[in-house]
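**Q** Sharing run-v3.cif below, mmCIF, C-alpha atoms:
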data_run
loop_
_atom_site.label_atom_id
_atom_site.label_comp_id
_atom_site.auth_asym_id
_atom_site.auth_seq_id
_atom_site.Cartn_x
_atom_site.Cartn_y
_atom_site.Cartn_z
CA MET Q 481 -22.56 -28.43 -42.68
CA ILE Q 482 -20.54 -26.02 -40.55
CA LEU Q 483 -16.77 -25.69 -40.97
CA TYR Q 484 -14.95 -24.43 -37.89
CA ASP Q 485 -12.23 -22.55 -39.63
CA TYR Q 486 -9.30 -20.18 -39.17
CA PHE Q 487 -8.08 -18.29 -42.19
CA ARG Q 488 -4.36 -18.91 -41.60
CA SER Q 489 -4.55 -22.55 -40.48
CA SER Q 490 -2.91 -24.86 -43.05
CA ALA Q 491 -5.19 -27.70 -42.02
CA ALA Q 492 -8.37 -25.62 -42.42
CA TYR Q 493 -7.08 -24.28 -45.75
CA ARG Q 494 -6.76 -27.91 -47.01
CA VAL Q 495 -10.42 -28.58 -46.21
CA ARG Q 496 -11.49 -25.30 -47.84
CA ILE Q 497 -9.71 -26.31 -51.07
CA ALA Q 498 -11.33 -29.77 -51.05
CA LEU Q 499 -14.78 -28.27 -50.47
CA GLU Q 500 -14.25 -25.80 -53.33
CA LEU Q 501 -12.95 -28.47 -55.72
CA LYS Q 502 -16.00 -30.60 -54.99
CA GLY Q 503 -18.41 -27.66 -55.14
CA LEU Q 504 -19.73 -28.29 -51.63
CA GLU Q 505 -21.13 -25.34 -49.68
CA VAL Q 506 -20.70 -25.00 -45.94
CA GLU Q 507 -21.20 -22.31 -43.34
CA HIS Q 508 -17.78 -21.04 -42.24
CA ARG Q 509 -17.53 -20.30 -38.53
CA PRO Q 510 -14.18 -18.73 -37.59
CA VAL Q 511 -12.36 -19.92 -34.47
CA HIS Q 512 -9.70 -17.33 -33.73
CA LEU Q 513 -6.62 -19.14 -32.46
CA LEU Q 514 -5.00 -16.06 -30.95
CA ARG Q 515 -7.87 -13.89 -29.73
CA ALA Q 516 -8.94 -14.04 -26.05
CA GLY Q 517 -6.31 -16.67 -25.20
CA GLY Q 518 -7.52 -18.84 -28.08
CA GLU Q 519 -11.17 -19.41 -28.99
CA GLN Q 520 -10.31 -23.08 -29.64
CA LEU Q 521 -9.94 -23.51 -25.86
CA GLU Q 522 -13.49 -22.34 -25.05
CA PRO Q 523 -15.68 -25.10 -23.56
CA ASP Q 524 -18.20 -25.01 -26.43
CA TYR Q 525 -15.48 -25.67 -28.98
CA LEU Q 526 -13.65 -28.24 -26.84
CA ALA Q 527 -16.89 -30.19 -26.62
CA LYS Q 528 -16.84 -30.36 -30.43
CA ASN Q 529 -13.11 -31.01 -30.78
CA PRO Q 530 -11.23 -32.17 -27.68
CA GLN Q 531 -7.96 -31.64 -29.56
CA ALA Q 532 -8.61 -27.86 -29.54
CA LEU Q 533 -7.47 -27.63 -33.15
CA VAL Q 534 -9.11 -26.43 -36.35
CA PRO Q 535 -10.68 -27.48 -38.59
CA ALA Q 536 -13.77 -29.39 -37.45
CA LEU Q 537 -16.75 -30.14 -39.66
CA GLU Q 538 -20.16 -30.34 -38.06
CA LEU Q 539 -22.53 -32.47 -40.11
CA ASP Q 540 -26.25 -31.84 -40.43
CA ASP Q 541 -26.91 -34.71 -37.97
CA GLY Q 542 -24.79 -32.89 -35.34
CA ILE Q 543 -21.82 -35.25 -35.54
CA VAL Q 544 -18.52 -33.38 -35.55
CA LEU Q 545 -15.62 -34.66 -37.64
CA THR Q 546 -12.05 -33.66 -36.85
CA GLN Q 547 -8.63 -33.94 -38.54
CA SER Q 548 -8.39 -32.36 -41.98
CA LEU Q 549 -7.38 -35.54 -43.83
CA ALA Q 550 -10.19 -37.57 -42.24
CA ILE Q 551 -12.63 -34.80 -43.19
CA ILE Q 552 -11.38 -34.78 -46.79
CA GLU Q 553 -11.69 -38.58 -47.05
CA TYR Q 554 -15.28 -38.15 -45.76
CA LEU Q 555 -15.98 -35.51 -48.40
CA GLU Q 556 -14.61 -37.95 -50.98
CA SER Q 557 -17.30 -40.47 -49.93
CA LEU Q 558 -19.98 -37.79 -49.84
CA ARG Q 559 -19.18 -36.38 -53.27
CA PRO Q 560 -16.85 -38.73 -55.17
CA THR Q 561 -16.22 -36.35 -58.08
CA PRO Q 562 -13.91 -34.76 -58.82
CA ARG Q 563 -11.86 -37.56 -57.32
CA LEU Q 564 -9.10 -36.41 -54.94
CA ILE Q 565 -7.73 -39.91 -54.20
CA PRO Q 566 -6.76 -41.76 -57.41
CA GLN Q 567 -8.52 -45.06 -58.07
CA ASP Q 568 -5.28 -46.97 -58.71
CA PRO Q 569 -4.13 -48.29 -55.28
CA GLU Q 570 -0.42 -47.56 -55.82
CA LEU Q 571 -1.09 -44.03 -57.02
CA ALA Q 572 -3.54 -43.56 -54.15
CA ALA Q 573 -0.78 -44.60 -51.74
CA LYS Q 574 1.71 -42.16 -53.28
CA THR Q 575 -0.89 -39.39 -53.13
CA ARG Q 576 -1.73 -40.07 -49.50
CA ALA Q 577 2.00 -40.36 -48.65
CA VAL Q 578 2.66 -36.81 -49.85
CA ALA Q 579 -0.37 -35.56 -47.93
CA LEU Q 580 0.87 -37.32 -44.79
CA ALA Q 581 4.50 -36.22 -45.26
CA ILE Q 582 3.11 -32.69 -44.96
CA ALA Q 583 0.30 -33.26 -42.45
CA CYS Q 584 2.38 -35.44 -40.08
CA ASP Q 585 5.99 -34.53 -40.56
CA ILE Q 586 5.95 -30.82 -41.35
CA HIS Q 587 2.86 -28.98 -40.17
CA PRO Q 588 2.47 -30.24 -36.57
CA LEU Q 589 6.07 -29.29 -35.78
CA THR Q 590 5.54 -25.71 -36.84
CA ASN Q 591 2.16 -24.69 -35.54
CA LEU Q 592 1.25 -22.15 -32.88
CA ARG Q 593 0.99 -24.47 -29.89
CA VAL Q 594 4.45 -25.93 -30.50
CA GLY Q 595 5.96 -22.47 -30.85
CA GLY Q 596 4.29 -21.60 -27.55
CA TYR Q 597 5.84 -24.60 -25.79
CA LEU Q 598 9.31 -23.86 -27.19
CA ALA Q 599 9.09 -20.29 -25.87
CA ALA Q 600 7.50 -21.00 -22.50
CA SER Q 601 9.13 -24.28 -21.46
CA LEU Q 602 12.40 -24.41 -23.37
CA ASN Q 603 13.07 -20.69 -23.22
CA ALA Q 604 13.61 -20.56 -26.99
CA SER Q 605 14.08 -17.10 -28.49
CA PRO Q 606 11.75 -15.84 -31.25
CA GLU Q 607 14.68 -16.22 -33.68
CA SER Q 608 15.33 -19.82 -32.72
CA ILE Q 609 11.62 -20.64 -33.06
CA GLU Q 610 11.66 -19.13 -36.55
CA ALA Q 611 14.76 -21.19 -37.38
CA TRP Q 612 13.05 -24.33 -36.03
CA ARG Q 613 10.04 -23.70 -38.29
CA ARG Q 614 12.20 -23.02 -41.33
CA PHE Q 615 14.26 -26.15 -40.70
CA TRP Q 616 11.32 -28.59 -40.54
CA ILE Q 617 9.45 -26.98 -43.40
CA LEU Q 618 12.48 -26.96 -45.72
CA GLU Q 619 13.57 -30.49 -44.76
CA GLY Q 620 10.05 -31.82 -45.33
CA LEU Q 621 9.52 -29.99 -48.61
CA GLN Q 622 12.87 -31.22 -49.94
CA ALA Q 623 11.61 -34.79 -49.48
CA VAL Q 624 8.24 -33.96 -51.06
CA GLU Q 625 10.11 -32.49 -54.05
CA LYS Q 626 11.51 -36.01 -54.64
CA LEU Q 627 8.23 -37.83 -54.03
CA ILE Q 628 6.11 -36.07 -56.67
CA ALA Q 629 6.01 -36.26 -60.47
CA PRO Q 630 4.22 -33.09 -61.68
CA LYS Q 631 1.96 -33.29 -64.73
CA PRO Q 632 1.26 -30.42 -63.87
CA PHE Q 633 -0.28 -31.32 -60.48
CA CYS Q 634 1.66 -33.55 -58.05
CA PHE Q 635 0.69 -36.82 -59.72
CA SER Q 636 -1.77 -36.10 -62.49
CA ALA Q 637 -3.51 -33.69 -64.80
CA GLU Q 638 -6.03 -32.82 -62.09
CA PRO Q 639 -5.40 -31.83 -58.48
CA THR Q 640 -5.50 -34.55 -55.82
CA LEU Q 641 -5.17 -34.72 -52.04
CA ALA Q 642 -1.41 -34.19 -52.49
CA ASP Q 643 -1.95 -30.76 -54.07
CA VAL Q 644 -4.65 -29.94 -51.52
CA CYS Q 645 -2.01 -30.37 -48.78
CA LEU Q 646 0.97 -28.93 -50.64
CA ILE Q 647 -0.45 -25.50 -51.48
CA PRO Q 648 -1.26 -24.51 -47.87
CA GLN Q 649 2.18 -25.75 -46.77
CA LEU Q 650 3.85 -23.58 -49.42
CA PHE Q 651 1.77 -20.63 -48.21
CA ALA Q 652 3.06 -21.26 -44.66
CA ALA Q 653 6.62 -21.68 -45.99
CA ARG Q 654 6.46 -18.18 -47.51
CA ARG Q 655 5.11 -16.70 -44.27
CA PHE Q 656 8.12 -18.12 -42.46
CA ALA Q 657 10.56 -17.01 -45.19
CA VAL Q 658 11.63 -20.52 -46.14
CA PRO Q 659 13.79 -20.43 -49.30
CA LEU Q 660 11.89 -22.25 -52.04
CA ASP Q 661 14.04 -21.58 -55.10
CA GLU Q 662 15.63 -25.06 -55.10
CA LEU Q 663 12.24 -26.76 -55.17
CA PRO Q 664 11.25 -26.27 -58.83
CA ARG Q 665 8.73 -29.12 -58.96
CA LEU Q 666 6.85 -27.78 -55.97
CA LEU Q 667 6.84 -24.29 -57.46
CA SER Q 668 5.47 -25.61 -60.76
CA VAL Q 669 2.66 -27.44 -58.94
CA GLU Q 670 1.92 -24.27 -56.98
CA ALA Q 671 1.73 -22.18 -60.15
CA ALA Q 672 -0.67 -24.63 -61.78
CA SER Q 673 -2.85 -24.85 -58.66
CA LEU Q 674 -3.13 -21.14 -58.03
CA GLU Q 675 -4.62 -20.70 -61.50
CA LEU Q 676 -7.69 -22.68 -60.42
CA GLU Q 677 -10.70 -20.85 -58.99
CA ALA Q 678 -11.09 -23.42 -56.19
CA PHE Q 679 -7.58 -22.72 -54.87
CA LYS Q 680 -8.11 -18.96 -55.23
CA ARG Q 681 -11.36 -18.98 -53.29
CA ALA Q 682 -9.88 -21.09 -50.48
CA HIS Q 683 -6.86 -18.77 -50.01
CA PRO Q 684 -6.42 -17.32 -46.50
CA ALA Q 685 -6.56 -13.73 -47.79
CA ARG Q 686 -10.02 -14.36 -49.26
CA GLN Q 687 -11.61 -15.53 -45.99
CA ALA Q 688 -14.09 -13.43 -43.98
CA ASP Q 689 -11.87 -13.67 -40.87
CA ALA Q 690 -8.65 -12.65 -42.68
CA GLU Q 691 -6.69 -9.89 -40.99
CA MET M 603 6.82 -57.39 -50.44
CA ILE M 604 9.65 -56.02 -48.27
CA LEU M 605 8.93 -53.96 -45.16
CA TYR M 606 11.73 -51.63 -44.16
CA ASP M 607 11.22 -51.80 -40.46
CA TYR M 608 12.64 -50.80 -37.07
CA PHE M 609 11.43 -52.68 -34.04
CA ARG M 610 10.85 -49.62 -31.85
CA SER M 611 9.34 -47.28 -34.46
CA SER M 612 5.67 -46.57 -33.70
CA ALA M 613 4.96 -46.06 -37.38
CA ALA M 614 6.53 -49.38 -38.40
CA TYR M 615 4.71 -51.13 -35.53
CA ARG M 616 1.38 -49.85 -36.96
CA VAL M 617 2.13 -51.44 -40.32
CA ARG M 618 3.21 -54.69 -38.68
CA ILE M 619 -0.12 -54.90 -36.83
CA ALA M 620 -2.09 -54.23 -40.02
CA LEU M 621 -0.11 -56.89 -41.92
CA GLU M 622 -0.73 -59.42 -39.13
CA LEU M 623 -4.44 -58.62 -38.88
CA LYS M 624 -4.79 -59.14 -42.63
CA GLY M 625 -2.60 -62.23 -42.64
CA LEU M 626 -0.19 -60.76 -45.19
CA GLU M 627 3.39 -62.02 -45.20
CA VAL M 628 6.33 -59.74 -45.98
CA GLU M 629 10.08 -59.88 -45.69
CA HIS M 630 11.18 -57.65 -42.79
CA ARG M 631 14.36 -55.72 -43.47
CA PRO M 632 15.54 -53.77 -40.39
CA VAL M 633 16.78 -50.20 -40.80
CA HIS M 634 18.58 -49.33 -37.59
CA LEU M 635 17.83 -45.69 -36.78
CA LEU M 636 20.68 -45.27 -34.32
CA ARG M 637 23.46 -47.51 -35.61
CA ALA M 638 26.27 -46.00 -37.75
CA GLY M 639 24.75 -42.51 -37.61
CA GLY M 640 21.42 -43.88 -38.78
CA GLU M 641 20.99 -46.50 -41.49
CA GLN M 642 17.98 -44.51 -42.76
CA LEU M 643 20.44 -41.89 -44.02
CA GLU M 644 22.37 -44.30 -46.25
CA PRO M 645 22.04 -43.51 -49.98
CA ASP M 646 20.38 -46.85 -50.82
CA TYR M 647 17.63 -46.23 -48.30
CA LEU M 648 17.25 -42.53 -49.15
CA ALA M 649 16.66 -43.57 -52.76
CA LYS M 650 13.72 -45.62 -51.52
CA ASN M 651 12.42 -43.10 -49.00
CA PRO M 652 13.66 -39.50 -49.35
CA GLN M 653 12.08 -38.72 -45.98
CA ALA M 654 14.67 -41.00 -44.29
CA LEU M 655 11.96 -42.46 -42.07
CA VAL M 656 10.63 -45.95 -41.51
CA PRO M 657 8.53 -47.75 -42.51
CA ALA M 658 8.64 -48.15 -46.27
CA LEU M 659 6.99 -51.00 -48.15
CA GLU M 660 8.61 -52.20 -51.37
CA LEU M 661 6.09 -53.88 -53.64
CA ASP M 662 6.86 -56.79 -55.93
CA ASP M 663 6.93 -54.39 -58.90
CA GLY M 664 9.72 -52.39 -57.18
CA ILE M 665 7.55 -49.40 -56.28
CA VAL M 666 8.22 -48.17 -52.75
CA LEU M 667 5.37 -46.87 -50.62
CA THR M 668 6.04 -44.59 -47.67
CA GLN M 669 4.06 -43.21 -44.71
CA SER M 670 2.49 -45.81 -42.45
CA LEU M 671 -1.12 -44.66 -42.91
CA ALA M 672 -0.80 -44.56 -46.69
CA ILE M 673 0.69 -48.06 -46.59
CA ILE M 674 -2.17 -49.34 -44.43
CA GLU M 675 -4.79 -47.82 -46.75
CA TYR M 676 -2.98 -49.61 -49.60
CA LEU M 677 -3.09 -52.91 -47.70
CA GLU M 678 -6.82 -52.27 -47.19
CA SER M 679 -7.24 -52.18 -51.01
CA LEU M 680 -5.00 -55.19 -51.50
CA ARG M 681 -6.75 -57.35 -48.91
CA PRO M 682 -10.08 -55.77 -47.89
CA THR M 683 -10.80 -58.20 -45.05
CA PRO M 684 -10.69 -57.92 -42.15
CA ARG M 685 -11.72 -54.33 -42.76
CA LEU M 686 -9.66 -51.73 -40.87
CA ILE M 687 -11.61 -48.69 -42.12
CA PRO M 688 -15.35 -48.99 -41.37
CA GLN M 689 -17.72 -48.89 -44.34
CA ASP M 690 -19.96 -46.20 -42.82
CA PRO M 691 -18.47 -42.83 -43.90
CA GLU M 692 -18.99 -41.07 -40.56
CA LEU M 693 -17.47 -43.95 -38.60
CA ALA M 694 -14.64 -44.13 -41.13
CA ALA M 695 -13.97 -40.44 -40.52
CA LYS M 696 -13.92 -40.90 -36.73
CA THR M 697 -11.59 -43.88 -37.11
CA ARG M 698 -9.20 -41.99 -39.38
CA ALA M 699 -9.37 -38.94 -37.08
CA VAL M 700 -8.06 -40.96 -34.12
CA ALA M 701 -5.32 -42.44 -36.31
CA LEU M 702 -4.34 -38.95 -37.48
CA ALA M 703 -4.56 -37.40 -34.00
CA ILE M 704 -1.82 -39.88 -33.09
CA ALA M 705 0.13 -39.97 -36.36
CA CYS M 706 0.13 -36.19 -36.90
CA ASP M 707 -0.22 -34.55 -33.52
CA ILE M 708 1.61 -36.88 -31.13
CA HIS M 709 4.18 -39.12 -32.78
CA PRO M 710 6.10 -36.66 -35.02
CA LEU M 711 6.72 -34.33 -32.09
CA THR M 712 8.33 -37.05 -30.03
CA ASN M 713 10.51 -39.03 -32.39
CA LEU M 714 14.28 -39.32 -32.52
CA ARG M 715 15.03 -36.63 -35.08
CA VAL M 716 13.07 -34.00 -33.14
CA GLY M 717 14.82 -34.92 -29.90
CA GLY M 718 18.10 -34.55 -31.76
CA TYR M 719 17.20 -31.04 -32.95
CA LEU M 720 16.09 -29.96 -29.47
CA ALA M 721 19.42 -31.10 -28.03
CA ALA M 722 21.71 -29.85 -30.79
CA SER M 723 20.10 -26.57 -31.83
CA LEU M 724 18.06 -25.49 -28.81
CA ASN M 725 20.48 -26.79 -26.22
CA ALA M 726 17.70 -28.67 -24.45
CA SER M 727 18.74 -30.95 -21.57
CA PRO M 728 17.89 -34.67 -21.64
CA GLU M 729 15.36 -33.99 -18.86
CA SER M 730 13.62 -31.22 -20.79
CA ILE M 731 13.45 -33.43 -23.89
CA GLU M 732 11.84 -36.17 -21.80
CA ALA M 733 9.38 -33.61 -20.41
CA TRP M 734 8.60 -32.41 -23.96
CA ARG M 735 7.83 -35.97 -25.04
CA ARG M 736 5.68 -36.66 -22.01
CA PHE M 737 3.77 -33.39 -22.51
CA TRP M 738 2.79 -34.01 -26.14
CA ILE M 739 2.01 -37.68 -25.63
CA LEU M 740 -0.18 -37.06 -22.58
CA GLU M 741 -1.94 -34.06 -24.13
CA GLY M 742 -2.67 -36.01 -27.30
CA LEU M 743 -3.81 -39.16 -25.54
CA GLN M 744 -6.15 -37.14 -23.29
CA ALA M 745 -7.92 -35.92 -26.44
CA VAL M 746 -8.01 -39.43 -27.94
CA GLU M 747 -9.59 -40.67 -24.67
CA LYS M 748 -12.53 -38.35 -25.46
CA LEU M 749 -12.72 -39.25 -29.15
CA ILE M 750 -13.19 -43.01 -28.81
CA ALA M 751 -16.12 -45.17 -27.67
CA PRO M 752 -14.66 -48.61 -26.77
CA LYS M 753 -16.69 -51.73 -27.52
CA PRO M 754 -14.09 -53.10 -26.69
CA PHE M 755 -11.89 -51.71 -29.51
CA CYS M 756 -11.85 -47.94 -30.17
CA PHE M 757 -15.07 -47.91 -32.19
CA SER M 758 -16.26 -51.46 -32.66
CA ALA M 759 -16.12 -55.14 -31.77
CA GLU M 760 -13.13 -55.64 -34.07
CA PRO M 761 -9.91 -53.63 -34.28
CA THR M 762 -9.67 -50.81 -36.84
CA LEU M 763 -7.05 -48.35 -37.99
CA ALA M 764 -7.64 -46.42 -34.73
CA ASP M 765 -6.50 -49.38 -32.61
CA VAL M 766 -3.64 -50.07 -35.02
CA CYS M 767 -2.31 -46.57 -34.24
CA LEU M 768 -3.24 -46.41 -30.56
CA ILE M 769 -1.40 -49.52 -29.35
CA PRO M 770 2.06 -48.44 -30.63
CA GLN M 771 1.51 -44.97 -29.16
CA LEU M 772 0.69 -46.47 -25.76
CA PHE M 773 3.84 -48.59 -26.02
CA ALA M 774 5.85 -45.39 -26.64
CA ALA M 775 4.02 -43.64 -23.78
CA ARG M 776 5.18 -46.33 -21.36
CA ARG M 777 8.77 -46.08 -22.64
CA PHE M 778 8.70 -42.37 -21.83
CA ALA M 779 6.98 -42.92 -18.43
CA VAL M 780 3.81 -41.03 -19.35
CA PRO M 781 1.18 -41.50 -16.60
CA LEU M 782 -1.73 -43.40 -18.14
CA ASP M 783 -3.90 -44.10 -15.09
CA GLU M 784 -6.43 -41.36 -15.92
CA LEU M 785 -7.04 -42.76 -19.38
CA PRO M 786 -9.27 -45.76 -18.59
CA ARG M 787 -10.80 -46.06 -22.05
CA LEU M 788 -7.40 -46.23 -23.71
CA LEU M 789 -6.23 -48.82 -21.20
CA SER M 790 -9.32 -50.95 -21.84
CA VAL M 791 -8.70 -50.84 -25.61
CA GLU M 792 -5.06 -51.76 -25.00
CA ALA M 793 -6.03 -54.75 -22.83
CA ALA M 794 -8.45 -56.04 -25.47
CA SER M 795 -5.92 -55.54 -28.28
CA LEU M 796 -2.99 -57.19 -26.57
CA GLU M 797 -5.04 -60.37 -26.24
CA LEU M 798 -5.03 -60.77 -30.02
CA GLU M 799 -2.29 -62.81 -31.68
CA ALA M 800 -1.82 -60.18 -34.42
CA PHE M 801 -0.95 -57.48 -31.89
CA LYS M 802 1.30 -59.88 -29.97
CA ARG M 803 3.27 -60.89 -33.07
CA ALA M 804 3.75 -57.25 -34.14
CA HIS M 805 5.11 -56.17 -30.73
CA PRO M 806 8.60 -54.57 -30.77
CA ALA M 807 9.98 -57.17 -28.35
CA ARG M 808 9.05 -59.96 -30.78
CA GLN M 809 10.98 -58.53 -33.76
CA ALA M 810 14.22 -60.02 -35.07
CA ASP M 811 16.02 -56.68 -34.64
CA ALA M 812 14.82 -56.13 -31.05
CA GLU M 813 17.54 -55.23 -28.57
#
Let me see the structure of the file written as structure tokens.
**A**
Amino acid sequence: MILYDYFRSSAAYRVRIALELKGLEVEHRPVHLLRAGGEQLEPDYLAKNPQALVPALELDDGIVLTQSLAIIEYLESLRPTPRLIPQDPELAAKTRAVALAIACDIHPLTNLRVGGYLAASLNASPESIEAWRRFWILEGLQAVEKLIAPKPFCFSAEPTLADVCLIPQLFAARRFAVPLDELPRLLSVEAASLELEAFKRAHPARQADAE
Amino acid sequence: MILYDYFRSSAAYRVRIALELKGLEVEHRPVHLLRAGGEQLEPDYLAKNPQALVPALELDDGIVLTQSLAIIEYLESLRPTPRLIPQDPELAAKTRAVALAIACDIHPLTNLRVGGYLAASLNASPESIEAWRRFWILEGLQAVEKLIAPKPFCFSAEPTLADVCLIPQLFAARRFAVPLDELPRLLSVEAASLELEAFKRAHPARQADAE
């Protein structure tokens, strides 16, 4: 399998963590979102992912899967252990809800293409774009703080899809200088996660394309 | 079960379609997002859903589930037929990817709270907020047009999670006057879906709180 990846993308980082937790090996092929006007906009990549976003996972049969959460659910079918979605339906729903609270309601508001639109079409200053990012990240994380029940991971003694999404979002929060000190549950989950080799190996700074 | 609902919310509309397709009955409790500064911000509702968004599904044991896609995956466990997520893992991934392309990369950029921020903090005019909404909806739907393979629903002869997400997004697209004429596949899926009683009954105009 080939993972079209970008070291700093939260969504790609989620898939890297899931792959590492499950012990699945893939070829990483970087798609640089800033270089040459954005490698994600090149025709070869658009043919694989018409959304022009990373990540995408190309399977051995040539089929390309997109959307980090859909890819992780696929990996869960491919290699069911360790389980990232709890078996209990209510706990599975709470786990997916935290993943979606991040993947729908925080991350897409703060990514590169949205910042580009705010600057180009709404004439937003760099400072107001930073404030926009901080606002949505903090607002979203404050809700996630109330949705989880750390033991020590978001919902259980082992990491799940919720942790897989939370850790990259906390990484992005730090990049954008979001104050995290009033989110003690999230910080405790982060501390527990970053002790695991899988989370360490998936970290943006450890990727071949890191700058 | 109690569905905290709002007739015009895309995310609530998705859950209504899934409930209807599965023949599950719930009590609908409207949360008016505009009335009295937003009923979703009242303490009773915030205690149920700290994200202050609809929908939320309160189960008979009092547990409250949030995030429309997490709720629909829960309903899929509760009542597995008709199946909304295909059994084949690759087709399941493509189905979820379309749902997520809409639920992550279109809808959250265009909802009420984001429009409010653009107006209040970035001083955006009503016209530029409308243009913002049209831009993200059209851009996202153009990608979805390439991701699906109608037969006559997005991926198969029966509706799946992809259709459950697409129809509410097309409803929102029309509200915001997004041009849809160059999206023939999406329009063919919409025509097939709107013939089904489940989609008709879930329509915003048919809800008790419709205005």
**Q** So, with only C-alpha atoms as the atoms that count, which of Q:Pro569, Q:Gly595, Q:Pro639, Q:Pro659 lies closest to chain M?
**A** Q:Pro569
**Q** List, as an NGL selection string, every residue that the PyMOL selection byres ((chain M) within 9 of (chain Q)) selects in the file provided.
**A** :M and (651-654 or 665-677 or 679-680 or 691-692 or 694-700 or 702-703 or 705-711 or 716 or 719 or 723-726 or 730 or 734 or 741-742 or 744-746 or 748-749)
**Q** Find the residues around Q:Val669 up to 9 Å (all atoms listed in the file counted), leave out those fewer than 5 positions away in its own chain, and share them as a ChimeraX atom specification.
**A** /Q:630-634,643,646-647,664,674
**Q** Counting all atoms listed in the file, what is within 9 Å of Q:Ala682, bar same-chain residues fewer than 3 positions away, as a list in words?
**A** Phe487, Tyr493, Arg494, Val495, Arg496, Ile497, Ala498, Leu499, Glu500, Glu677, Ala678, Phe679, Ala685, Arg686 and Gln687 of chain Q
**Q** Can you work out the spacing between atom CA of M:Ile739 and atom CA of M:Ala764 in Å, to one decimal?
**A**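 That distance, rounded to one decimal, is 15.9 Å.
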**Q** Just checking: using all atoms listed in the file, which residue out of Q:Ala688, Q:Leu501, Q:Leu666, Q:Leu592 ends up closest to Q:Leu564?
**A**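 Looking only at the distances to Q:Leu564, the closest residue turns out to be Q:Leu501.
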**Q** Write only C-alpha atoms for stretch 661-690 of chain M from the block just shown, as a compact mmCIF listing (two decimals), in the first residue's frame.
**A**
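Now in selection.txt:
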# COMPACT_ATOMS: atom_id res chain seq x y z
CA LEU M 661 -30.89 6.72 24.28
CA ASP M 662 -33.37 5.03 26.58
CA ASP M 663 -30.59 4.56 29.16
CA GLY M 664 -30.04 8.34 29.23
CA ILE M 665 -26.74 8.30 27.34
CA VAL M 666 -26.55 11.05 24.74
CA LEU M 667 -24.82 10.41 21.43
CA THR M 668 -23.54 13.30 19.33
CA GLN M 669 -22.19 13.77 15.78
CA SER M 670 -24.51 12.65 13.00
CA LEU M 671 -22.14 10.09 11.47
CA ALA M 672 -21.39 8.50 14.84
CA ILE M 673 -25.13 8.32 15.51
CA ILE M 674 -25.77 6.68 12.13
CA GLU M 675 -23.02 4.10 12.71
CA TYR M 676 -24.71 3.38 16.07
CA LEU M 677 -28.08 2.94 14.35
CA GLU M 678 -26.34 0.55 11.94
CA SER M 679 -25.34 -1.63 14.94
CA LEU M 680 -28.77 -1.32 16.52
CA ARG M 681 -30.69 -2.24 13.36
CA PRO M 682 -28.31 -3.69 10.74
CA THR M 683 -30.87 -3.79 7.93
CA PRO M 684 -31.23 -2.16 5.54
CA ARG M 685 -27.46 -1.84 5.55
CA LEU M 686 -26.15 1.71 5.09
CA ILE M 687 -22.44 0.77 5.14
CA PRO M 688 -21.60 -1.86 2.50
CA GLN M 689 -20.11 -5.12 3.74
CA ASP M 690 -17.19 -5.05 1.29
